[in-house]
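J.: File query23.pdb follows (PDB, C-alpha atoms):
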ATOM      1  CA  MET A   1     -30.685 -34.900 -31.897
ATOM      2  CA  SER A   2     -30.470 -37.471 -34.689
ATOM      3  CA  SER A   3     -27.738 -40.094 -34.756
ATOM      4  CA  TYR A   4     -26.282 -38.363 -37.827
ATOM      5  CA  ALA A   5     -26.173 -35.002 -36.018
ATOM      6  CA  LYS A   6     -24.516 -36.659 -33.025
ATOM      7  CA  TRP A   7     -21.938 -38.217 -35.328
ATOM      8  CA  ILE A   8     -21.211 -34.868 -36.988
ATOM      9  CA  THR A   9     -20.854 -33.198 -33.577
ATOM     10  CA  ARG A  10     -18.494 -35.918 -32.378
ATOM     11  CA  VAL A  11     -16.338 -35.626 -35.512
ATOM     12  CA  ALA A  12     -16.222 -31.840 -35.107
ATOM     13  CA  LEU A  13     -15.138 -32.153 -31.473
ATOM     14  CA  ILE A  14     -12.437 -34.681 -32.354
ATOM     15  CA  PHE A  15     -11.180 -32.389 -35.121
ATOM     16  CA  LEU A  16     -11.167 -29.413 -32.747
ATOM     17  CA  VAL A  17      -9.223 -31.296 -30.075
ATOM     18  CA  PHE A  18      -6.766 -32.598 -32.686
ATOM     19  CA  THR A  19      -6.257 -29.097 -34.086
ATOM     20  CA  MET A  20      -5.721 -27.571 -30.642
ATOM     21  CA  ASN A  21      -3.272 -30.295 -29.681
ATOM     22  CA  SER A  22      -1.409 -29.863 -32.975
ATOM     23  CA  LEU A  23      -1.147 -26.112 -32.445
ATOM     24  CA  SER A  24       0.021 -26.653 -28.878
ATOM     25  CA  ALA A  25       2.692 -29.106 -29.979
ATOM     26  CA  LYS A  26       3.748 -26.726 -32.743
ATOM     27  CA  ASN A  27       3.954 -23.874 -30.239
ATOM     28  CA  GLU A  28       6.184 -25.815 -27.901
ATOM     29  CA  LYS A  29       8.730 -26.545 -30.615
ATOM     30  CA  THR A  30       9.706 -22.884 -30.910
ATOM     31  CA  PHE A  31      10.286 -20.662 -27.905
ATOM     32  CA  ILE A  32      12.051 -17.685 -26.378
ATOM     33  CA  GLU A  33      14.097 -18.270 -23.239
ATOM     34  CA  ILE A  34      14.915 -15.235 -21.107
ATOM     35  CA  LEU A  35      18.635 -15.454 -20.312
ATOM     36  CA  GLY A  36      19.236 -12.075 -18.678
ATOM     37  CA  VAL A  37      17.194  -9.176 -17.352
ATOM     38  CA  ALA A  38      19.550  -6.462 -16.061
ATOM     39  CA  GLN A  39      20.745  -3.213 -17.612
ATOM     40  CA  ASP A  40      24.094  -3.207 -19.445
ATOM     41  CA  ALA A  41      26.238  -3.322 -16.286
ATOM     42  CA  GLY A  42      24.348  -6.193 -14.659
ATOM     43  CA  TYR A  43      23.301  -6.583 -11.053
ATOM     44  CA  PRO A  44      24.994  -5.846  -8.727
ATOM     45  CA  GLN A  45      26.790  -3.113 -10.598
ATOM     46  CA  ALA A  46      30.547  -2.515 -10.472
ATOM     47  CA  GLY A  47      31.460   0.039  -7.822
ATOM     48  CA  CYS A  48      28.040  -0.017  -6.179
ATOM     49  CA  TYR A  49      28.266  -0.945  -2.490
ATOM     50  CA  ARG A  50      25.012   0.552  -1.310
ATOM     51  CA  PRO A  51      22.588  -1.740   0.535
ATOM     52  CA  HIS A  52      20.607  -2.692  -2.579
ATOM     53  CA  CYS A  53      23.810  -3.847  -4.325
ATOM     54  CA  LEU A  54      25.450  -5.467  -1.285
ATOM     55  CA  LYS A  55      22.662  -8.028  -1.272
ATOM     56  CA  GLY A  56      23.846  -9.214  -4.660
ATOM     57  CA  TRP A  57      27.542  -9.132  -3.772
ATOM     58  CA  LYS A  58      27.014 -11.178  -0.632
ATOM     59  CA  LYS A  59      24.558 -13.708  -2.054
ATOM     60  CA  PRO A  60      25.201 -14.919  -5.608
ATOM     61  CA  GLU A  61      21.636 -16.200  -5.955
ATOM     62  CA  TYR A  62      20.450 -12.580  -6.119
ATOM     63  CA  ARG A  63      22.705 -11.653  -9.029
ATOM     64  CA  ARG A  64      21.184 -10.983 -12.435
ATOM     65  CA  SER A  65      22.700 -11.247 -15.910
ATOM     66  CA  VAL A  66      22.561  -8.540 -18.558
ATOM     67  CA  VAL A  67      19.481  -8.554 -20.778
ATOM     68  CA  SER A  68      19.495 -11.341 -23.372
ATOM     69  CA  LEU A  69      17.094 -13.726 -25.060
ATOM     70  CA  GLY A  70      17.641 -17.176 -26.471
ATOM     71  CA  LEU A  71      15.471 -18.300 -29.366
ATOM     72  CA  VAL A  72      15.114 -22.035 -30.001
ATOM     73  CA  ASP A  73      13.600 -23.881 -32.959
ATOM     74  CA  THR A  74      13.539 -27.599 -32.193
ATOM     75  CA  VAL A  75      12.298 -28.484 -35.680
ATOM     76  CA  SER A  76      15.313 -27.118 -37.555
ATOM     77  CA  LYS A  77      17.646 -27.807 -34.600
ATOM     78  CA  SER A  78      18.634 -24.147 -34.488
ATOM     79  CA  LYS A  79      19.249 -21.639 -31.714
ATOM     80  CA  TYR A  80      19.809 -17.899 -31.750
ATOM     81  CA  LEU A  81      20.862 -15.189 -29.310
ATOM     82  CA  PHE A  82      19.536 -11.674 -28.982
ATOM     83  CA  GLU A  83      22.386  -9.491 -27.676
ATOM     84  CA  ALA A  84      25.979 -10.454 -27.013
ATOM     85  CA  THR A  85      26.347  -9.353 -23.411
ATOM     86  CA  PRO A  86      29.279  -9.277 -20.979
ATOM     87  CA  ASP A  87      27.604 -12.364 -19.457
ATOM     88  CA  LEU A  88      27.783 -14.316 -22.723
ATOM     89  CA  PRO A  89      29.702 -17.316 -21.285
ATOM     90  CA  GLU A  90      27.064 -17.970 -18.615
ATOM     91  CA  GLN A  91      24.208 -17.318 -21.021
ATOM     92  CA  LEU A  92      25.638 -19.696 -23.611
ATOM     93  CA  TYR A  93      25.878 -22.313 -20.879
ATOM     94  CA  GLN A  94      22.261 -21.773 -19.840
ATOM     95  CA  LEU A  95      21.234 -22.176 -23.481
ATOM     96  CA  GLU A  96      23.439 -25.264 -23.743
ATOM     97  CA  LYS A  97      21.591 -26.880 -20.841
ATOM     98  CA  ILE A  98      18.335 -26.390 -22.724
ATOM     99  CA  VAL A  99      19.548 -27.469 -26.181
ATOM    100  CA  SER A 100      22.971 -29.070 -26.626
ATOM    101  CA  SER A 101      25.407 -27.833 -29.266
ATOM    102  CA  GLU A 102      25.818 -31.453 -30.304
ATOM    103  CA  GLU A 103      22.323 -31.239 -31.794
ATOM    104  CA  PHE A 104      21.554 -27.516 -32.132
ATOM    105  CA  ASP A 105      23.681 -25.077 -34.120
ATOM    106  CA  LEU A 106      24.036 -21.442 -33.068
ATOM    107  CA  LYS A 107      22.643 -19.941 -36.251
ATOM    108  CA  GLY A 108      22.940 -16.290 -35.337
ATOM    109  CA  ILE A 109      23.307 -13.433 -32.870
ATOM    110  CA  PHE A 110      21.051 -10.399 -33.273
ATOM    111  CA  LEU A 111      22.297  -7.043 -31.949
ATOM    112  CA  THR A 112      20.109  -4.072 -31.061
ATOM    113  CA  HIS A 113      22.797  -1.369 -30.751
ATOM    114  CA  ALA A 114      26.336  -0.440 -29.719
ATOM    115  CA  HIS A 115      26.013   0.135 -25.967
ATOM    116  CA  ILE A 116      28.276  -1.983 -23.801
ATOM    117  CA  GLY A 117      25.735  -4.488 -22.528
ATOM    118  CA  HIS A 118      24.483  -5.384 -25.979
ATOM    119  CA  TYR A 119      27.520  -6.277 -28.077
ATOM    120  CA  THR A 120      30.751  -6.528 -26.032
ATOM    121  CA  GLY A 121      30.203 -10.227 -25.352
ATOM    122  CA  LEU A 122      31.286 -10.804 -28.949
ATOM    123  CA  MET A 123      34.834 -10.785 -27.550
ATOM    124  CA  TYR A 124      34.308 -14.325 -26.255
ATOM    125  CA  LEU A 125      33.974 -15.568 -29.840
ATOM    126  CA  GLY A 126      37.570 -14.537 -30.576
ATOM    127  CA  HIS A 127      40.702 -16.660 -30.769
ATOM    128  CA  GLU A 128      41.666 -15.793 -27.175
ATOM    129  CA  SER A 129      38.501 -17.563 -26.003
ATOM    130  CA  MET A 130      36.143 -19.758 -28.063
ATOM    131  CA  GLY A 131      37.902 -19.366 -31.391
ATOM    132  CA  ALA A 132      34.507 -19.560 -33.048
ATOM    133  CA  SER A 133      34.130 -19.984 -36.787
ATOM    134  CA  GLU A 134      31.847 -17.802 -38.902
ATOM    135  CA  VAL A 135      29.115 -17.217 -36.334
ATOM    136  CA  PRO A 136      26.453 -15.128 -38.112
ATOM    137  CA  VAL A 137      26.006 -11.727 -36.477
ATOM    138  CA  PHE A 138      22.945  -9.795 -37.627
ATOM    139  CA  ALA A 139      23.257  -6.050 -37.147
ATOM    140  CA  MET A 140      22.124  -2.805 -38.728
ATOM    141  CA  PRO A 141      24.455  -1.109 -41.290
ATOM    142  CA  ARG A 142      26.136   1.367 -38.916
ATOM    143  CA  MET A 143      26.482  -1.321 -36.257
ATOM    144  CA  SER A 144      28.067  -3.662 -38.819
ATOM    145  CA  GLU A 145      30.458  -0.967 -39.989
ATOM    146  CA  PHE A 146      31.389  -0.138 -36.394
ATOM    147  CA  LEU A 147      32.380  -3.764 -35.792
ATOM    148  CA  ARG A 148      34.204  -4.031 -39.109
ATOM    149  CA  SER A 149      36.193  -0.812 -38.659
ATOM    150  CA  ASN A 150      37.118  -0.755 -34.959
ATOM    151  CA  GLY A 151      39.381  -3.027 -32.971
ATOM    152  CA  PRO A 152      39.184  -5.399 -31.270
ATOM    153  CA  TRP A 153      35.913  -6.227 -33.049
ATOM    154  CA  SER A 154      37.483  -5.950 -36.489
ATOM    155  CA  GLN A 155      39.759  -8.850 -35.558
ATOM    156  CA  LEU A 156      36.692 -11.057 -35.148
ATOM    157  CA  VAL A 157      35.766 -10.164 -38.726
ATOM    158  CA  ASN A 158      39.279 -10.572 -40.101
ATOM    159  CA  TYR A 159      39.769 -13.950 -38.405
ATOM    160  CA  LYS A 160      36.289 -14.996 -39.521
ATOM    161  CA  ASN A 161      35.189 -15.716 -35.971
ATOM    162  CA  ILE A 162      32.017 -13.876 -36.989
ATOM    163  CA  MET A 163      30.274 -13.193 -40.282
ATOM    164  CA  LEU A 164      28.381  -9.920 -40.488
ATOM    165  CA  TYR A 165      24.908  -9.895 -42.016
ATOM    166  CA  PRO A 166      23.625  -6.302 -42.300
ATOM    167  CA  LEU A 167      19.971  -5.835 -41.424
ATOM    168  CA  GLN A 168      17.585  -3.309 -42.934
ATOM    169  CA  ASP A 169      14.889  -1.458 -41.058
ATOM    170  CA  SER A 170      11.563  -3.322 -41.280
ATOM    171  CA  ARG A 171      12.961  -6.044 -43.575
ATOM    172  CA  PRO A 172      12.224  -9.549 -42.253
ATOM    173  CA  GLU A 173      14.993 -12.132 -41.947
ATOM    174  CA  LYS A 174      13.352 -15.485 -42.658
ATOM    175  CA  PHE A 175      14.489 -18.821 -41.276
ATOM    176  CA  SER A 176      12.814 -22.238 -41.294
ATOM    177  CA  ASN A 177      10.114 -21.597 -38.650
ATOM    178  CA  ILE A 178      11.092 -18.115 -37.509
ATOM    179  CA  GLU A 179      10.991 -14.610 -38.881
ATOM    180  CA  VAL A 180      12.930 -11.745 -37.256
ATOM    181  CA  THR A 181      12.295  -8.137 -38.252
ATOM    182  CA  PRO A 182      14.278  -5.157 -36.921
ATOM    183  CA  PHE A 183      12.570  -1.807 -36.428
ATOM    184  CA  SER A 184      14.168   1.517 -35.550
ATOM    185  CA  VAL A 185      13.618   3.033 -32.116
ATOM    186  CA  PRO A 186      14.737   6.400 -30.725
ATOM    187  CA  HIS A 187      17.769   5.946 -28.484
ATOM    188  CA  ARG A 188      21.284   7.348 -28.165
ATOM    189  CA  GLU A 189      23.103   6.530 -31.411
ATOM    190  CA  GLU A 190      26.727   7.446 -30.746
ATOM    191  CA  TYR A 191      28.126   4.469 -32.662
ATOM    192  CA  SER A 192      25.173   2.724 -34.264
ATOM    193  CA  GLU A 193      21.482   2.703 -34.916
ATOM    194  CA  ALA A 194      19.148   1.381 -32.228
ATOM    195  CA  VAL A 195      16.472  -1.181 -33.011
ATOM    196  CA  GLY A 196      13.952  -3.481 -31.462
ATOM    197  CA  PHE A 197      12.975  -6.825 -32.939
ATOM    198  CA  ARG A 198       9.725  -8.468 -33.915
ATOM    199  CA  ILE A 199      10.106 -12.237 -33.528
ATOM    200  CA  LYS A 200       7.527 -14.346 -35.327
ATOM    201  CA  GLY A 201       7.158 -18.052 -34.640
ATOM    202  CA  PRO A 202       4.787 -20.652 -36.123
ATOM    203  CA  SER A 203       1.858 -19.461 -34.006
ATOM    204  CA  LYS A 204       2.797 -16.408 -31.938
ATOM    205  CA  THR A 205       4.721 -13.159 -32.161
ATOM    206  CA  ALA A 206       6.877 -11.187 -29.732
ATOM    207  CA  ILE A 207       8.511  -7.771 -29.728
ATOM    208  CA  PHE A 208      11.794  -7.133 -27.933
ATOM    209  CA  ILE A 209      12.660  -3.515 -27.073
ATOM    210  CA  PRO A 210      15.323  -3.519 -24.344
ATOM    211  CA  ASP A 211      16.347   0.122 -24.860
ATOM    212  CA  ILE A 212      14.298   3.093 -25.998
ATOM    213  CA  ASP A 213      13.839   6.744 -25.111
ATOM    214  CA  LYS A 214      10.477   7.941 -23.821
ATOM    215  CA  TRP A 215       7.537   6.343 -25.621
ATOM    216  CA  SER A 216       6.386   9.815 -26.703
ATOM    217  CA  ARG A 217       9.552  10.208 -28.808
ATOM    218  CA  TRP A 218       8.632   7.230 -30.987
ATOM    219  CA  ASP A 219       6.442   7.634 -34.059
ATOM    220  CA  ILE A 220       4.786   4.282 -33.320
ATOM    221  CA  ASN A 221       2.038   3.892 -30.736
ATOM    222  CA  ILE A 222       3.362   1.264 -28.331
ATOM    223  CA  SER A 223      -0.121   0.439 -27.026
ATOM    224  CA  ASP A 224      -1.305  -0.409 -30.535
ATOM    225  CA  LEU A 225       1.796  -2.528 -31.062
ATOM    226  CA  VAL A 226       1.141  -4.462 -27.851
ATOM    227  CA  LYS A 227      -2.335  -5.311 -29.147
ATOM    228  CA  GLU A 228      -0.829  -6.795 -32.332
ATOM    229  CA  VAL A 229       1.516  -9.280 -30.659
ATOM    230  CA  ASP A 230       1.437 -12.056 -28.069
ATOM    231  CA  TYR A 231       4.428 -10.912 -25.981
ATOM    232  CA  ALA A 232       5.918  -7.454 -25.479
ATOM    233  CA  ILE A 233       9.339  -7.602 -23.793
ATOM    234  CA  ILE A 234      10.081  -3.947 -23.164
ATOM    235  CA  ASP A 235      12.396  -1.425 -21.530
ATOM    236  CA  ALA A 236      11.951  -0.988 -17.784
ATOM    237  CA  THR A 237      15.374   0.440 -16.914
ATOM    238  CA  PHE A 238      14.048   2.678 -14.127
ATOM    239  CA  PHE A 239      10.957   2.265 -12.007
ATOM    240  CA  ASP A 240      10.601   6.019 -11.488
ATOM    241  CA  GLY A 241      12.617   9.237 -11.498
ATOM    242  CA  THR A 242      14.006   8.955  -7.970
ATOM    243  CA  GLU A 243      16.578   6.188  -8.524
ATOM    244  CA  LEU A 244      19.663   8.228  -9.447
ATOM    245  CA  PRO A 245      19.999  11.036  -6.904
ATOM    246  CA  GLY A 246      22.312  13.766  -8.117
ATOM    247  CA  ARG A 247      22.039  12.777 -11.792
ATOM    248  CA  ASP A 248      20.022  14.445 -14.519
ATOM    249  CA  MET A 249      17.476  11.805 -15.542
ATOM    250  CA  LEU A 250      16.793  13.752 -18.742
ATOM    251  CA  LYS A 251      20.160  12.462 -19.995
ATOM    252  CA  VAL A 252      18.967   8.873 -19.629
ATOM    253  CA  PRO A 253      15.422   9.243 -20.976
ATOM    254  CA  HIS A 254      14.107   5.705 -20.662
ATOM    255  CA  PRO A 255      10.372   5.237 -20.069
ATOM    256  CA  PHE A 256       9.861   4.857 -16.323
ATOM    257  CA  VAL A 257       7.827   1.814 -15.355
ATOM    258  CA  VAL A 258       5.286   4.070 -13.631
ATOM    259  CA  GLU A 259       4.885   6.001 -16.898
ATOM    260  CA  SER A 260       4.454   2.815 -18.894
ATOM    261  CA  MET A 261       1.837   1.487 -16.489
ATOM    262  CA  ASP A 262      -0.113   4.739 -16.795
ATOM    263  CA  LEU A 263       0.166   4.575 -20.576
ATOM    264  CA  PHE A 264      -1.076   0.975 -20.644
ATOM    265  CA  GLU A 265      -3.822   1.510 -18.080
ATOM    266  CA  LYS A 266      -6.568   1.466 -20.710
ATOM    267  CA  LEU A 267      -5.423  -1.812 -22.258
ATOM    268  CA  SER A 268      -7.536  -4.884 -21.639
ATOM    269  CA  ASN A 269      -6.382  -7.353 -19.003
ATOM    270  CA  GLU A 270      -5.473  -9.732 -21.813
ATOM    271  CA  ASP A 271      -3.225  -7.147 -23.440
ATOM    272  CA  LYS A 272      -1.625  -6.119 -20.141
ATOM    273  CA  ALA A 273      -0.676  -9.750 -19.563
ATOM    274  CA  LYS A 274       1.384  -9.663 -22.770
ATOM    275  CA  ILE A 275       3.805  -7.147 -21.293
ATOM    276  CA  TRP A 276       7.104  -8.303 -19.762
ATOM    277  CA  PHE A 277       9.224  -5.561 -18.206
ATOM    278  CA  ILE A 278      12.986  -6.095 -18.645
ATOM    279  CA  HIS A 279      16.422  -4.328 -18.663
ATOM    280  CA  PHE A 280      16.459  -3.291 -14.996
ATOM    281  CA  ASN A 281      19.068  -0.856 -13.701
ATOM    282  CA  HIS A 282      20.807  -1.972 -10.497
ATOM    283  CA  SER A 283      18.717   0.645  -8.655
ATOM    284  CA  ASN A 284      15.381  -0.686  -9.911
ATOM    285  CA  PRO A 285      13.303  -2.241  -7.096
ATOM    286  CA  LEU A 286      11.726  -4.662  -9.598
ATOM    287  CA  LEU A 287      14.907  -6.708  -9.212
ATOM    288  CA  GLU A 288      13.608  -7.665  -5.770
ATOM    289  CA  GLU A 289      10.736 -10.060  -6.206
ATOM    290  CA  GLY A 290       8.961  -9.161  -2.982
ATOM    291  CA  SER A 291       9.341  -5.390  -3.168
ATOM    292  CA  GLN A 292       6.270  -3.183  -2.944
ATOM    293  CA  GLN A 293       6.958  -2.003  -6.481
ATOM    294  CA  SER A 294       7.060  -5.579  -7.811
ATOM    295  CA  LEU A 295       3.797  -6.401  -6.083
ATOM    296  CA  LEU A 296       2.238  -3.259  -7.541
ATOM    297  CA  VAL A 297       3.310  -4.106 -11.088
ATOM    298  CA  ARG A 298       1.901  -7.620 -10.833
ATOM    299  CA  SER A 299      -1.307  -6.414  -9.207
ATOM    300  CA  LYS A 300      -1.924  -4.276 -12.275
ATOM    301  CA  GLY A 301      -1.651  -7.330 -14.519
ATOM    302  CA  PHE A 302       1.866  -6.887 -15.916
ATOM    303  CA  ASN A 303       4.792  -9.325 -15.858
ATOM    304  CA  ILE A 304       8.341  -8.887 -14.599
ATOM    305  CA  ALA A 305      10.936 -10.759 -16.641
ATOM    306  CA  LYS A 306      13.032 -13.384 -14.865
ATOM    307  CA  GLU A 307      15.830 -15.585 -16.077
ATOM    308  CA  GLY A 308      14.439 -18.960 -17.061
ATOM    309  CA  VAL A 309      11.042 -17.711 -18.235
ATOM    310  CA  ARG A 310      10.028 -19.514 -21.419
ATOM    311  CA  LEU A 311       7.615 -17.996 -23.935
ATOM    312  CA  PHE A 312       6.304 -20.368 -26.588
ATOM    313  CA  LEU A 313       5.936 -19.163 -30.146
TER     314      LEU A 313
END
Turn this file's structure into structure tokens for me.
T.:
Amino acid sequence: MSSYAKWITRVALIFLVFTMNSLSAKNEKTFIEILGVAQDAGYPQAGCYRPHCLKGWKKPEYRRSVVSLGLVDTVSKSKYLFEATPDLPEQLYQLEKIVSSEEFDLKGIFLTHAHIGHYTGLMYLGHESMGASEVPVFAMPRMSEFLRSNGPWSQLVNYKNIMLYPLQDSRPEKFSNIEVTPFSVPHREEYSEAVGFRIKGPSKTAIFIPDIDKWSRWDINISDLVKEVDYAIIDATFFDGTELPGRDMLKVPHPFVVESMDLFEKLSNEDKAKIWFIHFNHSNPLLEEGSQQSLLVRSKGFNIAKEGVRLFL
């Protein structure tokens, strides 16, 4: 190889290393932090004193917060929440430990739908608690109208503790380094629409679908969607159909984890590794890290969401 060719090769390698390092640094400036993983009622669940719940009552370290994500952009000094859960005070504190409110403004809360675990934490923004001022709350039109028209949520609007920003299906909301796009999903819609979110950072993309009916009821192929993104944080409320003896599971038609694993069986190992199961009912054995079911899920190449997991965008 000539000296000129060696020089060109060296320059190319330096450029490649510089580019990779720049992308890595860019990635690490924007990230998702998992703040909660449980179904709406948390773990352990109120009124549950069976052995699987007693473990959580007796030992606080086993308790799990309701499903929530934090989204941090260190460039614009901004932070966001996905879901306002009954565990909002603790989740705000966890986010505060990562990025202080002295430097990072809470620029918005995104809501998926009007089931208790996903919006009732808004109460802590009211004058009886934080007395917050004009916190942006991004919600679909029916969800926004529900908050505006029903107490006590309407008081948050009237006192300007929150400012409602109606979302539109498939319309991106653009911020400095982040883009958030809601998309409709089939789920019980007693008071509002139900959506998932596509979260786009400088380099990577995630989808967040904490609640959905069976995958077959959706007009989008979830396997194809997984292939398009870098992280898929998806509904895993029940591991299988045996968790609620005496109840009709057809009335709570979430995709069982065993069904999802079968559906994703043909995905590549790389695509399987994108999947993070979340939103676990108190009965779900995936809440126990060493359970046979947890070991099975991981052996198949999937991930189980835990509080404190950080996903760089």
J.: Evaluate the PyMOL selection byres ((chain A and resi 115) around 12) against this structure - the residues, as an mmCIF file with C-alpha atoms, in the frame of the given file, please.
T.:
data_model
loop_
_atom_site.group_PDB
_atom_site.id
_atom_site.type_symbol
_atom_site.label_atom_id
_atom_site.label_comp_id
_atom_site.auth_asym_id
_atom_site.auth_seq_id
_atom_site.Cartn_x
_atom_site.Cartn_y
_atom_site.Cartn_z
ATOM 1 C CA GLN A 39 20.745 -3.213 -17.612
ATOM 2 C CA ASP A 40 24.094 -3.207 -19.445
ATOM 3 C CA ALA A 41 26.238 -3.322 -16.286
ATOM 4 C CA VAL A 66 22.561 -8.540 -18.558
ATOM 5 C CA GLU A 83 22.386 -9.491 -27.676
ATOM 6 C CA ALA A 84 25.979 -10.454 -27.013
ATOM 7 C CA THR A 85 26.347 -9.353 -23.411
ATOM 8 C CA PRO A 86 29.279 -9.277 -20.979
ATOM 9 C CA LEU A 111 22.297 -7.043 -31.949
ATOM 10 C CA THR A 112 20.109 -4.072 -31.061
ATOM 11 C CA HIS A 113 22.797 -1.369 -30.751
ATOM 12 C CA ALA A 114 26.336 -0.440 -29.719
ATOM 13 C CA ILE A 116 28.276 -1.983 -23.801
ATOM 14 C CA GLY A 117 25.735 -4.488 -22.528
ATOM 15 C CA HIS A 118 24.483 -5.384 -25.979
ATOM 16 C CA TYR A 119 27.520 -6.277 -28.077
ATOM 17 C CA THR A 120 30.751 -6.528 -26.032
ATOM 18 C CA GLY A 121 30.203 -10.227 -25.352
ATOM 19 C CA MET A 143 26.482 -1.321 -36.257
ATOM 20 C CA PHE A 146 31.389 -0.138 -36.394
ATOM 21 C CA HIS A 187 17.769 5.946 -28.484
ATOM 22 C CA ARG A 188 21.284 7.348 -28.165
ATOM 23 C CA GLU A 189 23.103 6.530 -31.411
ATOM 24 C CA GLU A 190 26.727 7.446 -30.746
ATOM 25 C CA TYR A 191 28.126 4.469 -32.662
ATOM 26 C CA SER A 192 25.173 2.724 -34.264
ATOM 27 C CA GLU A 193 21.482 2.703 -34.916
ATOM 28 C CA ALA A 194 19.148 1.381 -32.228
ATOM 29 C CA VAL A 195 16.472 -1.181 -33.011
ATOM 30 C CA PRO A 210 15.323 -3.519 -24.344
ATOM 31 C CA ASP A 211 16.347 0.122 -24.860
#
J.: Check the smallest atom-to-atom distance from each of A:Ser149, A:Ser68, A:Ser203, A:Ser268 to Lys300 in chain A using all atoms listed in the file, then report the winner.
T.: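 The shortest atom-to-atom distance to Lys300 in chain A comes from A:Ser268.
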J.: Find, counting all atoms listed in the file, the residue in A:Ile304, A:Leu71, A:Met130, A:Val258 that gets nearest to Ile109 in chain A.
T.: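 Closest residue, counting all atoms listed in the file: A:Leu71.
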J.: Work out how far apart CA of Val135 in chain A and CA of Phe175 in chain A are and give it in Å to one decimal.
T.: 15.5 Å
J.: Could you spell out the hits of the PyMOL selection byres ((chain A and resi 147) around 12) on the shown file, as a PyMOL selection string?
T.: chain A and resi 111+113-114+119-120+122-123+137-146+148-158+162-166+191-192
J.: Hey, which bits of range 137-243 of chain A sit within 10 Å of range 269-283 of chain A, and for each residue what's the closest pair of atoms and how far apart in Å (one decimal), counting all atoms listed in the file, rows by chain and increasing number, as JSON lines?
T.:
{"residue": "A:Ala206", "atom": "CA", "partner": "A:Lys274", "partner_atom": "CA", "distance": 9.0}
{"residue": "A:Ile207", "atom": "CA", "partner": "A:Ile275", "partner_atom": "CA", "distance": 9.7}
{"residue": "A:Phe208", "atom": "CA", "partner": "A:Ile278", "partner_atom": "CA", "distance": 9.4}
{"residue": "A:Ile209", "atom": "CA", "partner": "A:Ile278", "partner_atom": "CA", "distance": 8.8}
{"residue": "A:Pro210", "atom": "CA", "partner": "A:His279", "partner_atom": "CA", "distance": 5.8}
{"residue": "A:Asp211", "atom": "CA", "partner": "A:His279", "partner_atom": "CA", "distance": 7.6}
{"residue": "A:Ser223", "atom": "CA", "partner": "A:Asp271", "partner_atom": "CA", "distance": 8.9}
{"residue": "A:Asp224", "atom": "CA", "partner": "A:Asp271", "partner_atom": "CA", "distance": 10.0}
{"residue": "A:Val226", "atom": "CA", "partner": "A:Asp271", "partner_atom": "CA", "distance": 6.8}
{"residue": "A:Lys227", "atom": "CA", "partner": "A:Asp271", "partner_atom": "CA", "distance": 6.1}
{"residue": "A:Glu228", "atom": "CA", "partner": "A:Asp271", "partner_atom": "CA", "distance": 9.2}
{"residue": "A:Val229", "atom": "CA", "partner": "A:Lys274", "partner_atom": "CA", "distance": 7.9}
{"residue": "A:Asp230", "atom": "CA", "partner": "A:Lys274", "partner_atom": "CA", "distance": 5.8}
{"residue": "A:Tyr231", "atom": "CA", "partner": "A:Lys274", "partner_atom": "CA", "distance": 4.6}
{"residue": "A:Ala232", "atom": "CA", "partner": "A:Ile275", "partner_atom": "CA", "distance": 4.7}
{"residue": "A:Ile233", "atom": "CA", "partner": "A:Trp276", "partner_atom": "CA", "distance": 4.7}
{"residue": "A:Ile234", "atom": "CA", "partner": "A:Phe277", "partner_atom": "CA", "distance": 5.3}
{"residue": "A:Asp235", "atom": "CA", "partner": "A:Ile278", "partner_atom": "CA", "distance": 5.5}
{"residue": "A:Ala236", "atom": "CA", "partner": "A:Ile278", "partner_atom": "CA", "distance": 5.3}
{"residue": "A:Thr237", "atom": "CA", "partner": "A:Phe280", "partner_atom": "CA", "distance": 4.3}
{"residue": "A:Phe238", "atom": "CA", "partner": "A:Asn281", "partner_atom": "CA", "distance": 6.2}
{"residue": "A:Phe239", "atom": "CA", "partner": "A:Phe280", "partner_atom": "CA", "distance": 8.4}
{"residue": "A:Thr242", "atom": "CA", "partner": "A:Ser283", "partner_atom": "CA", "distance": 9.6}
{"residue": "A:Glu243", "atom": "CA", "partner": "A:Ser283", "partner_atom": "CA", "distance": 5.9}
J.: Can you pull out the residues contacting Thr181 in chain A? Cut-off 8 Å, using all atoms listed in the file, and skip same-chain residues under 2 positions away; I want them as a list in words.
T.: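 Returned residues: Asp169, Ser170, Arg171, Pro172, Glu173, Glu179, Phe183, Phe197, Arg198 and Ile199 of chain A.
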J.: Go ahead and compute the interatomic distance for CA of Ser65 in chain A and CA of Pro51 in chain A, in Å to one decimal.
T.: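 Interatomic distance, CA of Ser65 in chain A to CA of Pro51 in chain A: 19.0 Å.
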J.: In Å, with one decimal, what is the gap from CA of Asn161 in chain A to CA of Phe110 in chain A?
T.: 15.3 Å
J.: Smallest atom-to-atom distance to Lys214 in chain A: which of A:Ile34, A:Val297, A:Val257, A:Ile178, using all atoms listed in the file?
T.: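 For Lys214 in chain A, the nearest of the candidates is A:Val257.
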J.: Just so the selection is clear, what residues does the PyMOL selection byres ((chain A and resi 56-60) around 12) cover here, as a PyMOL selection string?
T.: chain A and resi 42-55+61-65+282-283+287-288
